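What follows is upload_35.txt (compact mmCIF, C-alpha atoms).
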# COMPACT_ATOMS: atom_id res chain seq x y z
CA MET A 53 -7.14 -43.43 -27.69
CA ASN A 54 -9.56 -42.25 -30.31
CA ILE A 55 -9.27 -39.51 -32.88
CA ASN A 56 -11.05 -37.00 -30.63
CA ASP A 57 -8.45 -37.38 -27.91
CA LEU A 58 -5.65 -36.74 -30.37
CA ARG A 59 -7.35 -33.63 -31.67
CA ARG A 60 -7.86 -32.38 -28.15
CA ARG A 61 -4.20 -32.98 -27.34
CA ASN A 62 -3.04 -31.18 -30.46
CA PHE A 63 -5.40 -28.32 -29.76
CA LEU A 64 -4.01 -27.95 -26.23
CA LYS A 65 -0.43 -28.10 -27.48
CA THR A 66 -0.93 -25.41 -30.09
CA SER A 67 -2.89 -23.17 -27.76
CA ILE A 68 -0.15 -23.37 -25.10
CA GLY A 69 2.41 -22.54 -27.78
CA ALA A 70 0.32 -19.63 -29.03
CA ALA A 71 -0.15 -18.33 -25.48
CA ALA A 72 3.61 -18.49 -24.83
CA VAL A 73 4.30 -16.58 -28.05
CA ALA A 74 1.70 -13.97 -27.09
CA ILE A 75 2.94 -13.54 -23.52
CA ALA A 76 6.73 -13.74 -23.93
CA PRO A 77 7.23 -10.35 -25.66
CA GLY A 78 5.08 -8.80 -22.94
CA PHE A 79 7.48 -10.07 -20.27
CA LEU A 80 10.48 -8.87 -22.24
CA LEU A 81 8.99 -5.42 -22.74
CA PHE A 82 8.06 -5.30 -19.07
CA ASP A 83 11.68 -6.04 -18.12
CA ILE A 84 12.98 -3.37 -20.46
CA ALA A 85 10.50 -0.78 -19.27
CA HIS A 86 10.85 -1.47 -15.56
CA GLY A 87 14.51 -2.27 -15.13
CA LYS A 88 16.05 -5.63 -14.53
CA ALA A 89 15.58 -7.81 -11.50
CA GLN A 90 19.11 -9.23 -11.33
CA ALA A 91 22.10 -7.85 -9.45
CA VAL A 92 24.63 -5.77 -11.37
CA SER A 93 27.64 -7.63 -12.72
CA GLY A 94 31.24 -7.25 -11.57
CA LYS A 95 32.34 -7.78 -15.16
CA VAL A 96 31.30 -4.20 -15.92
CA ARG A 97 33.24 -1.20 -14.69
CA TRP A 98 31.64 2.13 -15.44
CA GLY A 99 33.95 5.05 -16.02
CA MET A 100 34.42 8.35 -17.77
CA LEU A 101 37.03 9.98 -19.92
CA ILE A 102 36.99 13.75 -19.80
CA ASP A 103 38.64 15.54 -22.70
CA THR A 104 39.82 18.85 -21.23
CA ALA A 105 40.54 20.23 -24.73
CA GLN A 106 36.79 20.09 -25.44
CA CYS A 107 35.73 21.48 -22.06
CA ARG A 108 35.06 25.21 -22.38
CA GLU A 109 35.93 27.69 -19.65
CA GLY A 110 32.75 29.31 -18.34
CA CYS A 111 30.47 26.54 -19.61
CA ASN A 112 28.43 25.06 -16.79
CA ASP A 113 26.08 22.72 -18.67
CA CYS A 114 27.16 19.53 -16.89
CA VAL A 115 26.71 21.13 -13.47
CA THR A 116 23.27 22.48 -14.37
CA ALA A 117 22.16 19.12 -15.78
CA CYS A 118 23.39 17.33 -12.64
CA ASN A 119 21.57 19.76 -10.36
CA LYS A 120 18.34 19.36 -12.29
CA GLU A 121 18.56 15.57 -12.52
CA ASN A 122 19.35 15.06 -8.85
CA GLY A 123 17.34 17.94 -7.39
CA LEU A 124 20.27 19.95 -6.01
CA SER A 125 19.74 23.62 -5.21
CA GLY A 126 22.65 24.79 -7.36
CA GLY A 127 24.08 26.85 -4.51
CA THR A 128 27.86 26.83 -4.02
CA GLY A 129 28.02 27.84 -0.35
CA ALA A 130 29.77 25.83 2.34
CA THR A 131 26.59 23.99 3.31
CA ASP A 132 25.19 23.43 -0.20
CA SER A 133 25.46 20.05 -1.87
CA GLN A 134 27.65 20.00 -4.95
CA TRP A 135 28.01 16.71 -6.77
CA ILE A 136 30.00 18.12 -9.68
CA ARG A 137 31.88 21.40 -9.96
CA LYS A 138 33.80 23.16 -12.68
CA VAL A 139 37.48 23.78 -11.89
CA ASP A 140 39.68 26.23 -13.82
CA ILE A 141 43.40 25.68 -13.44
CA LYS A 142 46.40 27.57 -14.77
CA ASP A 143 50.01 26.48 -15.02
CA ILE A 144 51.88 29.47 -13.55
CA ASN A 145 55.06 28.62 -15.46
CA THR A 146 53.53 28.42 -18.91
CA GLY A 147 50.26 30.27 -18.50
CA ARG A 148 48.31 27.36 -20.00
CA LYS A 149 44.71 27.31 -18.79
CA VAL A 150 42.55 24.22 -18.47
CA SER A 151 38.91 23.92 -17.44
CA LEU A 152 37.46 20.63 -16.24
CA PRO A 153 34.57 19.12 -14.29
CA MET A 154 35.49 17.49 -10.97
CA MET A 155 33.29 15.01 -9.16
CA CYS A 156 33.46 11.66 -7.38
CA GLN A 157 36.16 9.73 -9.26
CA HIS A 158 34.61 6.33 -8.50
CA CYS A 159 37.90 4.81 -7.29
CA GLU A 160 38.61 1.12 -7.42
CA ASN A 161 40.07 1.43 -3.89
CA PRO A 162 37.93 4.21 -2.44
CA PRO A 163 39.22 5.83 0.78
CA CYS A 164 35.65 6.83 1.70
CA VAL A 165 34.70 3.15 1.87
CA ASP A 166 37.77 2.34 3.98
CA VAL A 167 36.88 4.85 6.68
CA CYS A 168 33.10 4.39 6.85
CA PRO A 169 32.22 3.02 10.31
CA THR A 170 28.80 1.70 9.28
CA ASN A 171 29.48 0.31 5.79
CA ALA A 172 27.21 2.99 4.37
CA SER A 173 29.88 4.00 1.85
CA PHE A 174 30.30 1.12 -0.53
CA LYS A 175 31.38 0.23 -4.02
CA ARG A 176 28.81 -1.49 -6.17
CA ALA A 177 29.93 -4.51 -8.20
CA ASP A 178 30.03 -2.39 -11.36
CA GLY A 179 32.47 0.11 -9.81
CA ILE A 180 30.07 2.88 -8.79
CA VAL A 181 30.86 4.29 -5.34
CA LEU A 182 27.68 5.11 -3.45
CA VAL A 183 26.33 6.04 -0.03
CA ASP A 184 23.65 3.76 1.40
CA ARG A 185 21.71 6.43 3.23
CA HIS A 186 19.76 3.85 5.17
CA ARG A 187 23.01 3.16 7.04
CA CYS A 188 24.70 6.59 6.94
CA ILE A 189 24.91 8.21 10.37
CA GLY A 190 26.25 11.50 9.05
CA CYS A 191 29.67 11.28 10.73
CA ARG A 192 31.37 12.76 7.65
CA TYR A 193 34.58 10.70 7.94
CA CYS A 194 34.25 9.97 4.21
CA MET A 195 34.20 13.67 3.43
CA MET A 196 37.53 14.05 5.23
CA ALA A 197 38.99 10.95 3.59
CA CYS A 198 38.10 11.91 0.01
CA PRO A 199 41.10 13.53 -1.73
CA TYR A 200 38.79 15.04 -4.39
CA LYS A 201 36.44 16.91 -2.00
CA ALA A 202 33.65 15.14 -3.84
CA ARG A 203 31.20 14.59 -1.02
CA SER A 204 28.63 16.89 0.54
CA PHE A 205 26.56 16.75 3.69
CA VAL A 206 22.87 17.62 3.68
CA HIS A 207 22.31 20.19 6.42
CA GLU A 208 18.67 21.12 5.93
CA PRO A 209 15.45 19.11 5.55
CA LEU A 210 14.52 18.55 1.90
CA THR A 211 11.17 18.23 0.20
CA ASP A 212 9.92 17.21 -3.25
CA GLN A 213 12.87 15.02 -4.22
CA ASN A 214 13.07 13.26 -7.56
CA PRO A 215 11.42 9.85 -6.93
CA ASP A 216 14.50 8.25 -8.54
CA VAL A 217 16.96 10.17 -6.34
CA PRO A 218 16.12 10.02 -2.65
CA ARG A 219 18.10 12.58 -0.60
CA GLY A 220 17.71 13.66 2.97
CA LYS A 221 19.02 15.65 5.89
CA GLY A 222 21.78 14.20 8.04
CA THR A 223 23.42 12.03 5.41
CA VAL A 224 26.41 12.39 3.12
CA GLU A 225 25.94 12.28 -0.63
CA SER A 226 27.99 12.57 -3.79
CA CYS A 227 27.92 11.88 -7.52
CA THR A 228 26.18 8.53 -8.09
CA LEU A 229 27.20 8.46 -11.75
CA CYS A 230 23.41 8.81 -12.18
CA VAL A 231 23.03 5.20 -11.11
CA HIS A 232 19.25 5.31 -11.66
CA ARG A 233 19.84 6.29 -15.30
CA ILE A 234 22.60 3.71 -15.83
CA ASP A 235 20.30 0.97 -14.55
CA LYS A 236 17.78 2.05 -17.19
CA GLY A 237 20.48 1.90 -19.88
CA GLN A 238 20.93 5.67 -20.15
CA GLN A 239 24.00 7.89 -19.79
CA PRO A 240 24.70 10.08 -16.77
CA ALA A 241 23.05 13.50 -17.04
CA CYS A 242 26.38 15.39 -17.27
CA ALA A 243 27.68 13.25 -20.15
CA GLU A 244 24.40 13.62 -22.02
CA SER A 245 24.22 17.38 -21.52
CA CYS A 246 27.78 18.22 -22.61
CA THR A 247 27.41 20.08 -25.91
CA ASN A 248 31.09 19.61 -26.80
CA LYS A 249 31.03 15.88 -26.06
CA ALA A 250 33.88 16.37 -23.58
CA ILE A 251 32.58 13.63 -21.28
CA LEU A 252 32.74 10.10 -22.66
CA PHE A 253 30.95 7.54 -20.51
CA GLY A 254 31.17 3.77 -20.85
CA ASN A 255 32.31 0.38 -19.68
CA LEU A 256 36.08 0.36 -19.07
CA ASN A 257 36.17 -3.44 -18.92
CA ASP A 258 34.66 -4.01 -22.36
CA PRO A 259 37.57 -3.86 -24.85
CA ASP A 260 35.17 -2.95 -27.67
CA SER A 261 33.50 -0.02 -25.92
CA GLU A 262 34.19 3.47 -27.23
CA ILE A 263 35.80 4.56 -23.96
CA ALA A 264 38.09 1.52 -23.74
CA LYS A 265 39.26 2.07 -27.32
CA LYS A 266 39.93 5.74 -26.63
CA ILE A 267 41.89 5.24 -23.42
CA ARG A 268 44.02 2.71 -25.28
CA ALA A 269 44.69 5.24 -28.05
CA VAL A 270 45.16 8.57 -26.30
CA SER A 271 47.14 9.63 -23.25
CA SER A 272 44.96 10.13 -20.19
CA VAL A 273 45.72 10.57 -16.51
CA GLN A 274 44.07 10.00 -13.17
CA VAL A 275 43.95 12.94 -10.79
CA ARG A 276 46.21 12.19 -7.79
CA ALA A 277 47.34 8.94 -9.42
CA ASN A 278 50.07 8.76 -6.77
CA LEU A 279 47.46 7.70 -4.22
CA GLY A 280 46.96 4.43 -6.11
CA LEU A 281 43.17 4.62 -6.00
CA ASN A 282 42.68 3.66 -9.67
CA THR A 283 39.91 6.11 -10.42
CA GLY A 284 37.10 5.34 -12.84
CA VAL A 285 37.15 8.94 -14.11
CA ARG A 286 40.17 9.82 -16.26
CA TYR A 287 41.26 13.12 -17.80
CA GLN A 288 42.74 13.70 -21.21
CA GLY A 289 45.02 16.70 -21.85
CA LEU A 290 45.63 17.55 -18.24
CA MET B 65 -21.29 -24.34 27.88
CA LYS B 66 -23.87 -23.14 25.34
CA LEU B 67 -24.65 -20.17 27.53
CA PHE B 68 -20.98 -19.31 27.76
CA ALA B 69 -20.55 -19.56 23.99
CA SER B 70 -23.53 -17.34 23.26
CA LEU B 71 -22.33 -14.85 25.86
CA LEU B 72 -18.94 -14.78 24.20
CA LEU B 73 -20.56 -14.32 20.81
CA CYS B 74 -22.70 -11.45 22.11
CA LEU B 75 -19.61 -9.74 23.50
CA CYS B 76 -17.45 -10.32 20.46
CA ILE B 77 -19.76 -9.21 17.67
CA PRO B 78 -20.24 -5.63 18.91
CA ALA B 79 -16.53 -5.43 19.69
CA ALA B 80 -15.67 -6.54 16.16
CA LEU B 81 -18.20 -4.13 14.67
CA ALA B 82 -16.86 -1.29 16.81
CA ALA B 83 -13.29 -2.05 15.72
CA GLU B 84 -14.42 -2.06 12.10
CA ALA B 85 -16.14 1.27 12.58
CA THR B 86 -13.26 3.04 14.31
CA GLY B 87 -10.43 1.48 12.25
CA PRO B 88 -8.41 3.64 9.91
CA LYS B 89 -10.18 4.80 6.77
CA LEU B 90 -7.64 5.15 4.05
CA ASP B 91 -7.47 6.44 0.54
CA ILE B 92 -5.99 3.53 -1.41
CA GLY B 93 -5.44 5.56 -4.57
CA LYS B 94 -5.80 3.62 -7.81
CA GLY B 95 -5.73 0.38 -5.82
CA GLY B 96 -6.48 -2.71 -7.85
CA GLN B 97 -4.72 -6.08 -7.63
CA CYS B 98 -1.76 -5.83 -5.22
CA VAL B 99 1.52 -7.67 -5.93
CA GLU B 100 0.80 -9.92 -2.93
CA ASP B 101 -2.27 -10.89 -0.92
CA ALA B 102 -3.58 -7.79 0.84
CA GLN B 103 -3.69 -9.32 4.32
CA TRP B 104 -0.15 -10.69 3.92
CA MET B 105 0.96 -7.27 2.73
CA ARG B 106 -0.57 -5.54 5.78
CA LYS B 107 1.60 -7.67 8.02
CA ASN B 108 4.79 -7.99 5.98
CA HIS B 109 5.23 -4.80 3.94
CA PRO B 110 8.01 -3.41 6.20
CA HIS B 111 10.06 -6.59 5.74
CA VAL B 112 9.49 -6.59 2.00
CA LEU B 113 10.50 -2.95 1.71
CA ASN B 114 13.57 -3.34 3.93
CA HIS B 115 14.74 -6.36 1.97
CA GLN B 116 14.10 -4.70 -1.36
CA ARG B 117 15.85 -1.45 -0.42
CA ASP B 118 19.10 -3.26 0.43
CA GLU B 119 18.99 -5.30 -2.76
CA THR B 120 18.32 -2.21 -4.84
CA VAL B 121 20.82 0.16 -3.26
CA ARG B 122 23.69 -2.24 -2.79
CA MET B 123 23.26 -4.72 -5.63
CA GLY B 124 21.32 -2.75 -8.22
CA VAL B 125 18.38 -5.17 -8.28
CA ARG B 126 15.54 -3.01 -9.47
CA ASP B 127 12.49 -5.20 -9.02
CA PRO B 128 9.43 -3.08 -9.75
CA LYS B 129 7.19 -5.54 -7.91
CA HIS B 130 8.42 -4.81 -4.39
CA SER B 131 9.80 -1.29 -4.78
CA LEU B 132 8.63 1.66 -2.72
CA LYS B 133 8.13 3.55 -5.98
CA GLY B 134 5.85 0.74 -7.17
CA CYS B 135 3.74 0.98 -3.99
CA ILE B 136 3.42 4.73 -4.39
CA GLU B 137 2.55 4.51 -8.10
CA CYS B 138 -0.64 2.56 -7.27
CA HIS B 139 -1.49 3.80 -3.81
CA ALA B 140 -0.85 7.55 -3.99
CA SER B 141 -4.13 9.43 -3.73
CA THR B 142 -5.76 10.24 -7.04
CA LYS B 143 -6.57 13.70 -5.62
CA ASP B 144 -3.07 14.92 -4.65
CA ASP B 145 -0.74 12.13 -5.96
CA SER B 146 0.70 11.68 -2.47
CA VAL B 147 0.82 8.83 0.07
CA THR B 148 1.38 11.14 3.07
CA ALA B 149 -0.21 14.52 2.36
CA ARG B 150 -3.45 14.10 4.32
CA ALA B 151 -4.66 12.30 7.47
CA ASP B 152 -6.35 9.59 5.35
CA SER B 153 -3.44 9.14 2.90
CA PHE B 154 -2.39 5.55 2.27
CA CYS B 155 0.66 5.40 4.56
CA VAL B 156 -0.43 7.97 7.12
CA ALA B 157 -3.89 6.63 7.98
CA CYS B 158 -2.69 3.27 9.40
CA HIS B 159 0.59 4.50 10.79
CA LYS B 160 -1.16 7.26 12.70
CA TYR B 161 -3.76 4.81 13.99
CA GLU B 162 -1.02 2.43 15.15
CA ALA B 163 1.27 5.28 16.32
CA VAL B 164 4.23 3.96 14.31
CA LYS B 165 6.48 6.67 12.96
CA ILE B 166 7.86 6.16 9.45
CA ASP B 167 10.86 8.08 8.21
CA CYS B 168 10.89 6.82 4.61
CA PHE B 169 9.64 10.13 3.29
CA GLU B 170 12.33 12.28 4.87
CA CYS B 171 14.42 11.19 1.88
CA HIS B 172 12.05 9.44 -0.51
CA SER B 173 9.49 11.30 -2.54
CA ASN B 174 5.92 10.76 -1.39
CA LYS B 175 4.62 11.58 -4.86
CA ARG B 176 3.61 9.34 -7.71
CA GLN B 177 6.49 9.39 -10.16
CA SER B 178 4.34 9.98 -13.23
CA ALA B 179 2.87 13.06 -11.56
CA TRP B 180 6.30 14.29 -10.47
CA LEU B 181 7.69 13.91 -13.97
CA GLN B 182 4.73 15.74 -15.48
CA ARG B 183 5.20 18.65 -13.10
CA ASN B 184 8.98 18.83 -13.58
CA ALA B 185 9.07 18.20 -17.33
CA LYS B 186 10.86 20.89 -19.25
Translate the structure described by the file into structure tokens.
Amino acid sequence: MNINDLRRRNFLKTSIGAAAVAIAPGFLLFDIAHGKAQAVSGKVRWGMLIDTAQCREGCNDCVTACNKENGLSGGTGATDSQWIRKVDIKDINTGRKVSLPMMCQHCENPPCVDVCPTNASFKRADGIVLVDRHRCIGCRYCMMACPYKARSFVHEPLTDQNPDVPRGKGTVESCTLCVHRIDKGQQPACAESCTNKAILFGNLNDPDSEIAKKIRAVSSVQVRANLGLNTGVRYQGL
Amino acid sequence: MKLFASLLLCLCIPAALAAEATGPKLDIGKGGQCVEDAQWMRKNHPHVLNHQRDETVRMGVRDPKHSLKGCIECHASTKDDSVTARADSFCVACHKYEAVKIDCFECHSNKRQSAWLQRNAK
């Protein structure tokens, strides 16, 4: 082996190293910009804590943001899709009024999944309950099974959907917790739009997350906790 | 044998030319280098899309390489940003020629996402 061979070898080594250094950040940025190519982890459980003391009566910002993000008409008729709705309740004994948003509660044991005859209703590993519309036959059993009236059926043909949120006639749909945003590392549209910060979104399984710390510290309840569904959405001050 | 071969050749060449001439003419949009070999893609794109859709919806695997959105981003027409709007649009041209109905776009947007976002930005 002469000196030229050694130089050539060293040159090749350094150039491969330099190429790797030049290319690696490109791959990383590509992954960040285009979402990840691995399956979601069961170690995460997404959830929400809704502080009813901060939720103003008459404010509809979360509903508007949801409608815009997911391309809903905003109608509230019997055949209109509503993924999130504002509910005003009053205790008739005390006269105390509370206003809160109600949507799919992303149960740990979802009744909609139990009844689905085609496995279209399913719970993703990270706790988000979704409808796989490729399998949905529109039987609407899940709508009857849901104790929160969270699901809607699409009655009319739709056009010009958000490319991130496919929706179509003949299938059931509900709050997806803005799964397309979560997969990009963003918050759901309702949580982001709430001016009073009444909706806190995060990972319930991470003991250091803001939401996990808060549900440890303050009293919060699940709606219809007696059903034992272990909802991912919890309410404070109800 | 030679006669037979030349006869076959004479018959085949015009047939091939005719097929080329009457085959679907499609607007491939931006085009460029596809994620797979073009001929392989012509044959296998339904399997790729079906596989990818299940992975994405049910497991949250968002692989931009084989996503429907990725196809549309490159292949939507540069004139109307759509893969189905006209008879020579990318999806329509072949599927009409082969008489295979696709129902992807009853739910999915047929528009290039960048164009959709631009139009709906507020």
Notebook entry, point to check: Skipping near chain neighbours, those fewer than 4 positions away, what residues fall within 9 Å of segment 157-159 of chain A using only C-alpha atoms, listed as a ChimeraX atom specification?
Noted result: /A:98-100,163,175,179-182,200,202,227-229,274-275,281-286
Next item on the list: Compile the residues of chain A that lie within 7 Å of chain B, evaluated using only C-alpha atoms, and express the compilation as a list in words.
Entry: His86, Gly87, Lys88, Ala89, Gln90, Ala91, Val92, Arg176, Asp184, Asp212, Gln213, Asn214, Pro215, Pro218, Arg219 and Gly220 of chain A
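The residue that comes closest to Thr142 of chain B, out of B:Cys155, B:Ala102, B:Ala185, B:Ile92 and on the basis of only C-alpha atoms, is B:Ile92.
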Shell around segment 146-155 of chain A at 6 Å using all atoms listed in the file, local window under 5 positions removed, as a short mmCIF file (atom, residue, chain, number, x, y, z; two decimals) with C-alpha atoms, keeping the file's coordinate frame:
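This is the output file part.cif:
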data_model
loop_
_atom_site.label_atom_id
_atom_site.label_comp_id
_atom_site.auth_asym_id
_atom_site.auth_seq_id
_atom_site.Cartn_x
_atom_site.Cartn_y
_atom_site.Cartn_z
CA THR A 104 39.82 18.85 -21.23
CA GLU A 109 35.93 27.69 -19.65
CA ILE A 136 30.00 18.12 -9.68
CA ARG A 137 31.88 21.40 -9.96
CA LYS A 138 33.80 23.16 -12.68
CA VAL A 139 37.48 23.78 -11.89
CA ASP A 140 39.68 26.23 -13.82
CA ILE A 141 43.40 25.68 -13.44
CA ALA A 202 33.65 15.14 -3.84
#
Give, as JSON, the centre coordinates and the x, y and z edge lengths in Å to one decimal for an axis-aligned box around all listed atoms of segment 198-214 of chain A, padded by 8 Å on each side.
{"center_x": 25.5, "center_y": 16.5, "center_z": -0.6, "size_x": 47.2, "size_y": 25.2, "size_z": 30.0}
Selection: 10 Å around Asp258 of chain A, only C-alpha atoms, excl. self and same-chain fewer than 4 positions, as an mmCIF file with C-alpha atoms, in the coordinates of the input:
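Once everything was written out, this is around-v1.cif:
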data_model
loop_
_atom_site.group_PDB
_atom_site.id
_atom_site.type_symbol
_atom_site.label_atom_id
_atom_site.label_comp_id
_atom_site.auth_asym_id
_atom_site.auth_seq_id
_atom_site.Cartn_x
_atom_site.Cartn_y
_atom_site.Cartn_z
ATOM 1 C CA LYS A 95 32.340 -7.780 -15.160
ATOM 2 C CA VAL A 96 31.300 -4.200 -15.920
ATOM 3 C CA ARG A 97 33.240 -1.200 -14.690
ATOM 4 C CA TRP A 98 31.640 2.130 -15.440
ATOM 5 C CA GLY A 254 31.170 3.770 -20.850
ATOM 6 C CA GLU A 262 34.190 3.470 -27.230
ATOM 7 C CA ILE A 263 35.800 4.560 -23.960
ATOM 8 C CA ALA A 264 38.090 1.520 -23.740
ATOM 9 C CA LYS A 265 39.260 2.070 -27.320
#
Notebook entry, point to check: Which value, in Å to one decimal, gives the distance between atom CA of Cys114 of chain A and atom CA of Val273 of chain A?
Noted result: 20.6 Å
Check: Do you have the atom CA of Asp216 of chain A-atom CA of Pro169 of chain A distance handy?
Finding: 26.4 Å
Checklist line | Distance criterion (only C-alpha atoms): nearest to Thr223 of chain A out of A:Cys198, A:Leu252, A:Val270, A:Ala172 | finding: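 Counting only C-alpha atoms, the residue closest to Thr223 of chain A is A:Ala172.
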Next item on the list: Write out as a list of chain:residue names the residues lying within 7 Å of Asp152 of chain B, counting only C-alpha atoms and excluding same-chain residues fewer than 2 positions away.
Entry: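 Using only C-alpha atoms, the neighbours found are B:Lys89, B:Leu90, B:Asp91, B:Arg150, B:Phe154, B:Val156, B:Ala157.
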Save the residues we just selected, C-alpha atoms, as a compact mmCIF listing (two decimals), in the frame of the given file?
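This is the output file part_7.txt:
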# COMPACT_ATOMS: atom_id res chain seq x y z
CA LYS B 89 -10.18 4.80 6.77
CA LEU B 90 -7.64 5.15 4.05
CA ASP B 91 -7.47 6.44 0.54
CA ARG B 150 -3.45 14.10 4.32
CA PHE B 154 -2.39 5.55 2.27
CA VAL B 156 -0.43 7.97 7.12
CA ALA B 157 -3.89 6.63 7.98
Notebook entry, point to check: From the list A:Asp113, A:Gly94, A:Arg276, A:Glu121, which residue is nearest Lys249 of chain A when using only C-alpha atoms?
Noted result: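 Between A:Asp113, A:Gly94, A:Arg276, A:Glu121, the residue approaching Lys249 of chain A most closely is A:Asp113.
Relative to atom CA of Gly93 of chain B, atom CA of Lys143 of chain B is found at 8.3 Å.
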Next item on the list: Considering only C-alpha atoms, state which residue in the set B:Ala151, B:Ala179, B:Cys158, B:Cys98 is at the smallest distance from Cys135 of chain B.
Entry: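 Between B:Ala151, B:Ala179, B:Cys158, B:Cys98, the residue approaching Cys135 of chain B most closely is B:Cys98.
Applying the 9 Å criterion to (-4.1, -0.8, -9.7) in file coordinates and using only C-alpha atoms, one obtains the residues Gly93, Lys94, Gly95, Gly96, Gln97, Cys98, Glu137, Cys138 and His139 of chain B.
Counting all atoms listed in the file, the residue from B:Arg183, B:Arg106, B:Lys160, B:His111 that sits nearest to Thr148 of chain B is B:Lys160.
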Taking N, CA and C atoms as the atom set, what does segment 88-102 of chain A look like once completed, written as a PDB file, in the coordinates of the input?
ATOM      1  N   LYS A  88      15.848  -4.192 -14.642  1.00  0.00           N
ATOM      2  CA  LYS A  88      16.050  -5.630 -14.530  1.00  0.00           C
ATOM      3  C   LYS A  88      16.017  -6.055 -13.076  1.00  0.00           C
ATOM      4  N   ALA A  89      15.698  -7.319 -12.856  1.00  0.00           N
ATOM      5  CA  ALA A  89      15.580  -7.810 -11.500  1.00  0.00           C
ATOM      6  C   ALA A  89      16.778  -8.645 -11.091  1.00  0.00           C
ATOM      7  N   GLN A  90      17.912  -8.543 -11.817  1.00  0.00           N
ATOM      8  CA  GLN A  90      19.110  -9.230 -11.330  1.00  0.00           C
ATOM      9  C   GLN A  90      20.108  -8.211 -10.792  1.00  0.00           C
ATOM     10  N   ALA A  91      21.071  -8.717 -10.007  1.00  0.00           N
ATOM     11  CA  ALA A  91      22.100  -7.850  -9.450  1.00  0.00           C
ATOM     12  C   ALA A  91      23.042  -7.412 -10.567  1.00  0.00           C
ATOM     13  N   VAL A  92      23.693  -6.254 -10.357  1.00  0.00           N
ATOM     14  CA  VAL A  92      24.630  -5.770 -11.370  1.00  0.00           C
ATOM     15  C   VAL A  92      25.871  -6.660 -11.382  1.00  0.00           C
ATOM     16  N   SER A  93      26.535  -6.694 -12.538  1.00  0.00           N
ATOM     17  CA  SER A  93      27.640  -7.630 -12.720  1.00  0.00           C
ATOM     18  C   SER A  93      28.988  -6.967 -12.422  1.00  0.00           C
ATOM     19  N   GLY A  94      29.883  -7.735 -11.824  1.00  0.00           N
ATOM     20  CA  GLY A  94      31.240  -7.250 -11.570  1.00  0.00           C
ATOM     21  C   GLY A  94      32.103  -7.257 -12.824  1.00  0.00           C
ATOM     22  N   LYS A  95      31.560  -7.779 -13.910  1.00  0.00           N
ATOM     23  CA  LYS A  95      32.340  -7.780 -15.160  1.00  0.00           C
ATOM     24  C   LYS A  95      32.353  -6.389 -15.786  1.00  0.00           C
ATOM     25  N   VAL A  96      31.390  -5.563 -15.387  1.00  0.00           N
ATOM     26  CA  VAL A  96      31.300  -4.200 -15.920  1.00  0.00           C
ATOM     27  C   VAL A  96      32.044  -3.263 -14.981  1.00  0.00           C
ATOM     28  N   ARG A  97      32.781  -2.294 -15.533  1.00  0.00           N
ATOM     29  CA  ARG A  97      33.240  -1.200 -14.690  1.00  0.00           C
ATOM     30  C   ARG A  97      32.950   0.111 -15.400  1.00  0.00           C
ATOM     31  N   TRP A  98      32.019   0.863 -14.828  1.00  0.00           N
ATOM     32  CA  TRP A  98      31.640   2.130 -15.440  1.00  0.00           C
ATOM     33  C   TRP A  98      32.714   3.170 -15.183  1.00  0.00           C
ATOM     34  N   GLY A  99      32.966   3.988 -16.177  1.00  0.00           N
ATOM     35  CA  GLY A  99      33.950   5.050 -16.020  1.00  0.00           C
ATOM     36  C   GLY A  99      33.711   6.169 -17.004  1.00  0.00           C
ATOM     37  N   MET A 100      34.544   7.191 -16.884  1.00  0.00           N
ATOM     38  CA  MET A 100      34.420   8.350 -17.770  1.00  0.00           C
ATOM     39  C   MET A 100      35.784   8.786 -18.228  1.00  0.00           C
ATOM     40  N   LEU A 101      35.825   9.321 -19.433  1.00  0.00           N
ATOM     41  CA  LEU A 101      37.030   9.980 -19.920  1.00  0.00           C
ATOM     42  C   LEU A 101      36.639  11.407 -20.250  1.00  0.00           C
ATOM     43  N   ILE A 102      37.331  12.356 -19.598  1.00  0.00           N
ATOM     44  CA  ILE A 102      36.990  13.750 -19.800  1.00  0.00           C
ATOM     45  C   ILE A 102      38.085  14.414 -20.634  1.00  0.00           C
TER      46      ILE A 102
END
